[in-house]
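K.L.:
Below: one structure in structure tokens.
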Amino acid sequence: MTSGQPGTGNARPTPAGAAAESPTTAAAGTPTQQNAMTKQVAAEGRTSVSASTAKDSGPAKDSGPVDGAAKDSGAIKASKPAKDSDPAKDSDPAEDRDPVKGAKADGTDGKDTDGKDKADSEAKPVGPERWEAFASAPEPKPSIFSRVGRAVGRFLIHEWTLAALGALALAVLMTWPTLRYPRYTLPQDYWDPSLQAWQMAWSGHILLAEPARLWQSNTFFPELWSFAFSDTLLGYAPAGMLGSGPEDAVLRYNIMFVLAHALATLGAYALARQLGAGRIGAAVAGVSYTYAPWLLAQAGHLHVLSNGGIPLALAMLARGHGWSLRHGYRPERRHDGWVYAGWLVAAWQLSLGFGIGLPFAYFLAGVVLVAAVLFFARRLRTGQAVPFGRRLFAADVLGGVLFAGVGLLMAFPFFKVTELHPYAERTIADISLFSPPASGFVTAPGESRIWGGLHEGARAALPWHPEMTLLPGFVLYALAAGGLFFSVWRLRHRLLLLAGVLLTMAFAMGTRFFDGTFTYVPLFEHLPGWSGLRTPGRLMLWTTLLLGLLAAGAVTALTDRVRELTAQRIPSWPGPWLRMATLLPLLLVTVEGLNTTPHPVVPTQPAAMRSAEGPLLVLPSNQSLDQHVMLWSTSGFPDVVNGGSGFTPRQLDDVRRVSQSFPDQTSVDYLRTLGVRTVVLLRGQVAGTPWEISIDAPVESLGISRQETDGAVVYRL
């Protein structure tokens, strides 16, 4: 060809291998050469495709048209085996743009004599490294301090942390001014709280010093089992191990008084949440259970207010068994750890006293019995075993044994007291004195800030209004009534809750409900220990809890409906106001629980009590004054003849009767026979008593000594 014709120039011949496989060389040739090369490549591609496996994606690339200007090395590479067509190796963009990339200086294209690509065999990762500078920076590994900080933050904003802190803050506010002067004042009065402050101090002191003497307290000398003369609050013994003396005992009492309210709120909240209530509904249940108006009359009875373990234990047991009121039994949610915790809390609640612990024990026994019957009935009806598990069964057995063991250990001293003092056992006549009429369920105590003054006339008509004003709250009544018609609970569950409310009210009336023939009297006569309960009205605790659960179902249904309306409303600006409206029930039950509980100053411990040697007798002596003496005796815990409890031993009655003439020979000889070594006569208490005259009488002829101290006269026998 001449140099002027297309494709015939003085082109330098290239090696055959390069002409056959280099796409750049083919593109630079003549159209005739290009067509020939295209046919050769297509033939080689068909041969390679027929020999390759189904996973080879080469045919899709090879079947496309190849023109010298548009396609480069894709068709040639498609003729290689599938293992060489890895996109990570063959699809380098830089190689597609540079036609001479990879050619050796000697004119070859980088292939060896066998026609294999050395670059493929080396598999050098070139592509990803090119763009590494444009990738996002890796997230730095958090330090141990940041991880701890995040964990603490998650803990602080957790629902149960917020619930506990909220319950504690509310308890401080609702019981104020209990913590204003916590070492010098006591809520309600200074009679029973002084006794209970001594109980906590004694149990903590003796368990550290001489545990075997727990039930032989330093009061009611020389009586045996004197610590079991009333509910013991033994579960608060760890708190009693801190501090010493009357002021620390008062401080300890006030702290536990506030914590008891917080635990009751948290326990009822946890139970309502476990059963399926929402947060606001559960808060309504917790607040209404703790601050019901009728409980304001019990402000001087810490063993009644210490009821938070009841709903908390029920919540833990329900969670461990995977059961809720709203969702039923869910076996996948079973957890034996919560079952153990529930039984432990139940045992602790029982250790605080049988006044409210005994009905709780019988309730748990009834629940276990009913659950077992339903379990086997369903198994017989369906022919299928309901999932339960050996671990859960073992947890129930061990936990039940622990609970029963604590109950028996606590009951033994009380049975000994009944054996030694049979007159201490209650009678039906005693129960009748404290049985409230039906009007008590709508009458508030005088300590209620909202209803106290308005119900003064209704209280005057009650024989013993401190135990007969049983109003749980009109707001709670209204919410529970609404919960019968509008609730997240199923209809049968609402009816069961209503039946529980009516039944517990009937029991709380004692002998006022058809003389108790079908309610309270059978329990009194047949259930062990039930005859020791003095006031049926305290069963109102269960009525309040059930009413709170009904109210929680209604409030939860309300909040769910408000959430739906808020999501559907356009624009959404009324949403916050609607959600704030759901807090109104919680606000109302809180306001109805406001109180005017007095906080009198505790009488100061006489200086003579700090150094007097026991056994000693403090005069004057009666049920009320002796409770102060018990508190004063926390300085060293000397043995004292004085004591106040649910009943008065006959020997103490004899001491009080004989001591009316002290100091004379008869009383001195009698006290010496008992082992009394010291008598402290308080000048500030003798007005209007026989000692008002005899306190200054000479005692030399009686063989005893007399010493004047600050506000008292000390006689050494």
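To be explicit about the labels: the chains of the structure tokens are called A, B, and onward in the order shown, and within each one the residues are counted from 1, while ligands get numbers from 1 in the order they are shown.
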Going by DSSP on the backbone, which residues of stretch 247-372 of chain A come out as alpha helix (DSSP H)? List them as number ranges by chain.

P.N.:
A: 247-275, 279-290, 302-305, 309-320, 336-351, 354-372

K.L.:
Measure the distance from atom CA of A:Pro649 to atom CA of A:His421 in Å and round it to one decimal.

P.N.:
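Distance between the two atoms: 7.3 Å.
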
K.L.:
Do a neighbour search on A:Ile310 at 10 Å with only C-alpha atoms, toss out local chain neighbours closer than 2 positions, and write the hits as a PyMOL selection string.

P.N.:
chain A and resi 264+267-268+271+306-308+312-315+342+345-350+356-357+360-361+364+542+545

K.L.:
What's the separation between atom CA of A:Leu266 and atom CA of A:Leu558, in Å to one decimal place?

P.N.:
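Pair atom CA of A:Leu266 / atom CA of A:Leu558 returns 21.9 Å.
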
K.L.:
Within 8 Å of stretch 403-418 of chain A, counting only C-alpha atoms, which residues qualify if same-chain residues fewer than 3 places away don't, as a list in words?

P.N.:
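Contacts, with the query itself left out: Trp215, Trp225, Ser226, Ala228, Phe229, Trp343, Leu344, Ala346, Ala347, Leu350, Ser351, Gly399, Gly400, His421, Pro422, Tyr423, Ala424 and Glu425 of chain A.
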
K.L.:
Could you write those residues out with N, CA, C and O atoms, as a PDB file, in the first residue's frame?

P.N.:
```pdb
ATOM      1  N   TRP A 215     -35.807 -12.129 121.978  1.00  0.00           N
ATOM      2  CA  TRP A 215     -37.199 -12.072 122.419  1.00  0.00           C
ATOM      3  C   TRP A 215     -37.340 -11.766 123.902  1.00  0.00           C
ATOM      4  O   TRP A 215     -38.448 -11.545 124.384  1.00  0.00           O
ATOM      5  N   TRP A 225     -40.263 -13.452 126.910  1.00  0.00           N
ATOM      6  CA  TRP A 225     -40.813 -13.251 125.565  1.00  0.00           C
ATOM      7  C   TRP A 225     -41.467 -11.880 125.419  1.00  0.00           C
ATOM      8  O   TRP A 225     -42.422 -11.698 124.676  1.00  0.00           O
ATOM      9  N   SER A 226     -40.929 -10.893 126.108  1.00  0.00           N
ATOM     10  CA  SER A 226     -41.574  -9.576 126.139  1.00  0.00           C
ATOM     11  C   SER A 226     -41.474  -8.838 124.807  1.00  0.00           C
ATOM     12  O   SER A 226     -42.273  -7.933 124.543  1.00  0.00           O
ATOM     13  N   ALA A 228     -42.245  -9.979 122.058  1.00  0.00           N
ATOM     14  CA  ALA A 228     -43.371 -10.444 121.243  1.00  0.00           C
ATOM     15  C   ALA A 228     -44.709  -9.979 121.797  1.00  0.00           C
ATOM     16  O   ALA A 228     -45.748 -10.508 121.416  1.00  0.00           O
ATOM     17  N   PHE A 229     -44.701  -8.983 122.680  1.00  0.00           N
ATOM     18  CA  PHE A 229     -45.956  -8.477 123.205  1.00  0.00           C
ATOM     19  C   PHE A 229     -46.707  -7.626 122.178  1.00  0.00           C
ATOM     20  O   PHE A 229     -47.877  -7.313 122.372  1.00  0.00           O
ATOM     21  N   TRP A 343     -40.146 -13.887  96.788  1.00  0.00           N
ATOM     22  CA  TRP A 343     -40.335 -14.597  98.057  1.00  0.00           C
ATOM     23  C   TRP A 343     -39.501 -13.960  99.171  1.00  0.00           C
ATOM     24  O   TRP A 343     -39.927 -13.920 100.335  1.00  0.00           O
ATOM     25  N   LEU A 344     -38.309 -13.463  98.847  1.00  0.00           N
ATOM     26  CA  LEU A 344     -37.490 -12.792  99.864  1.00  0.00           C
ATOM     27  C   LEU A 344     -38.174 -11.523 100.369  1.00  0.00           C
ATOM     28  O   LEU A 344     -38.207 -11.263 101.573  1.00  0.00           O
ATOM     29  N   ALA A 346     -41.349 -10.914 100.282  1.00  0.00           N
ATOM     30  CA  ALA A 346     -42.528 -11.327 101.042  1.00  0.00           C
ATOM     31  C   ALA A 346     -42.142 -11.746 102.463  1.00  0.00           C
ATOM     32  O   ALA A 346     -42.843 -11.418 103.431  1.00  0.00           O
ATOM     33  N   ALA A 347     -41.038 -12.472 102.594  1.00  0.00           N
ATOM     34  CA  ALA A 347     -40.581 -12.880 103.925  1.00  0.00           C
ATOM     35  C   ALA A 347     -40.179 -11.668 104.764  1.00  0.00           C
ATOM     36  O   ALA A 347     -40.463 -11.610 105.971  1.00  0.00           O
ATOM     37  N   LEU A 350     -43.268  -9.980 106.051  1.00  0.00           N
ATOM     38  CA  LEU A 350     -43.848 -10.717 107.170  1.00  0.00           C
ATOM     39  C   LEU A 350     -43.087 -10.451 108.458  1.00  0.00           C
ATOM     40  O   LEU A 350     -43.677 -10.441 109.546  1.00  0.00           O
ATOM     41  N   SER A 351     -41.765 -10.228 108.354  1.00  0.00           N
ATOM     42  CA  SER A 351     -40.964  -9.997 109.558  1.00  0.00           C
ATOM     43  C   SER A 351     -41.259  -8.655 110.214  1.00  0.00           C
ATOM     44  O   SER A 351     -40.860  -8.428 111.357  1.00  0.00           O
ATOM     45  N   GLY A 399     -38.495 -20.761  97.706  1.00  0.00           N
ATOM     46  CA  GLY A 399     -38.994 -19.484  98.207  1.00  0.00           C
ATOM     47  C   GLY A 399     -40.156 -19.657  99.162  1.00  0.00           C
ATOM     48  O   GLY A 399     -40.233 -18.975 100.190  1.00  0.00           O
ATOM     49  N   GLY A 400     -41.078 -20.579  98.840  1.00  0.00           N
ATOM     50  CA  GLY A 400     -42.192 -20.835  99.746  1.00  0.00           C
ATOM     51  C   GLY A 400     -41.741 -21.401 101.081  1.00  0.00           C
ATOM     52  O   GLY A 400     -42.283 -21.040 102.135  1.00  0.00           O
ATOM     53  N   HIS A 421     -49.771 -16.014 128.764  1.00  0.00           N
ATOM     54  CA  HIS A 421     -50.760 -14.979 129.087  1.00  0.00           C
ATOM     55  C   HIS A 421     -52.021 -15.233 128.267  1.00  0.00           C
ATOM     56  O   HIS A 421     -52.302 -14.509 127.295  1.00  0.00           O
ATOM     57  N   PRO A 422     -52.812 -16.219 128.621  1.00  0.00           N
ATOM     58  CA  PRO A 422     -53.996 -16.552 127.805  1.00  0.00           C
ATOM     59  C   PRO A 422     -55.003 -15.419 127.719  1.00  0.00           C
ATOM     60  O   PRO A 422     -55.771 -15.348 126.760  1.00  0.00           O
ATOM     61  N   TYR A 423     -55.014 -14.525 128.672  1.00  0.00           N
ATOM     62  CA  TYR A 423     -55.934 -13.397 128.648  1.00  0.00           C
ATOM     63  C   TYR A 423     -55.556 -12.369 127.573  1.00  0.00           C
ATOM     64  O   TYR A 423     -56.329 -11.444 127.286  1.00  0.00           O
ATOM     65  N   ALA A 424     -54.364 -12.521 126.975  1.00  0.00           N
ATOM     66  CA  ALA A 424     -53.932 -11.582 125.940  1.00  0.00           C
ATOM     67  C   ALA A 424     -54.617 -11.845 124.606  1.00  0.00           C
ATOM     68  O   ALA A 424     -54.606 -10.980 123.718  1.00  0.00           O
ATOM     69  N   GLU A 425     -55.226 -13.023 124.443  1.00  0.00           N
ATOM     70  CA  GLU A 425     -55.859 -13.361 123.179  1.00  0.00           C
ATOM     71  C   GLU A 425     -57.160 -12.587 123.017  1.00  0.00           C
ATOM     72  O   GLU A 425     -57.909 -12.392 123.974  1.00  0.00           O
TER      73      GLU A 425
END
```

K.L.:
To one decimal place, how far is atom CA of A:Leu156 from atom CA of A:Gly281 in Å?

P.N.:
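Rounded to one decimal, the two atoms are 22.0 Å apart.
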
K.L.:
Set the distance at 10 Å and use only C-alpha atoms: which residues neighbour stretch 662-664 of chain A once local chain neighbours fewer than 5 positions away are removed? I'd like the list as a ChimeraX atom specification.

P.N.:
/A:619,669,671,679,681,690-691,694-699,701-702,704,715

K.L.:
Name the residues in contact with A:Leu652 at a cut-off of 10 Å, using only C-alpha atoms, excluding same-chain residues fewer than 4 positions from it; report them as a PyMOL selection string.

P.N.:
chain A and resi 220-223+621-622+641-644+648+656-658

K.L.:
With a distance cut-off of 12 Å and only C-alpha atoms, select the neighbouring residues of A:Leu533, excluding the residue or stretch itself and same-chain residues fewer than 6 positions from it, and output the selection as a PyMOL selection string.

P.N.:
chain A and resi 230-231+353-359+424-428+430-432+434-435+508+510+520+523-525+527+539+646

K.L.:
From the set A:Leu565, A:Ala292, A:Leu402, A:Leu588, which residue has the shortest atom-to-atom contact distance to A:Leu547, counting only C-alpha atoms?

P.N.:
A:Ala292

K.L.:
Residues of stretch 404-652 of chain A classed as strand (DSSP E) by DSSP on the backbone are to be reported as a PyMOL selection string.

P.N.:
chain A and resi 616-619

K.L.:
Dump N, CA, C and O atoms for the selected residues as an mmCIF file, in the first residue's frame?

P.N.:
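Contents of out_2.cif, as written:
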```cif
data_model
loop_
_atom_site.group_PDB
_atom_site.id
_atom_site.type_symbol
_atom_site.label_atom_id
_atom_site.label_comp_id
_atom_site.auth_asym_id
_atom_site.auth_seq_id
_atom_site.Cartn_x
_atom_site.Cartn_y
_atom_site.Cartn_z
ATOM 1 N N LEU A 616 -34.720 -1.374 136.983
ATOM 2 C CA LEU A 616 -35.266 -0.156 137.572
ATOM 3 C C LEU A 616 -36.742 -0.012 137.223
ATOM 4 O O LEU A 616 -37.236 -0.607 136.264
ATOM 5 N N LEU A 617 -37.405 0.817 138.035
ATOM 6 C CA LEU A 617 -38.805 1.145 137.830
ATOM 7 C C LEU A 617 -38.920 2.656 137.777
ATOM 8 O O LEU A 617 -38.355 3.358 138.622
ATOM 9 N N VAL A 618 -39.612 3.158 136.769
ATOM 10 C CA VAL A 618 -39.835 4.589 136.620
ATOM 11 C C VAL A 618 -41.294 4.869 136.975
ATOM 12 O O VAL A 618 -42.213 4.237 136.451
ATOM 13 N N LEU A 619 -41.498 5.820 137.876
ATOM 14 C CA LEU A 619 -42.831 6.211 138.324
ATOM 15 C C LEU A 619 -43.080 7.674 137.961
ATOM 16 O O LEU A 619 -42.123 8.476 137.982
#
```

K.L.:
Considering only C-alpha atoms, give me a table of residues in stretch 423-485 of chain A that are at most 12 Å from stretch 161-179 of chain A, with the closest atom pair and distance in Å for each, as a Markdown table.

P.N.:
```
| residue | atom | partner | partner_atom | distance |
| --- | --- | --- | --- | --- |
| A:Glu447 | CA | A:Thr175 | CA | 11.8 |
| A:Ser448 | CA | A:Met174 | CA | 11.8 |
| A:Arg449 | CA | A:Met174 | CA | 11.4 |
```
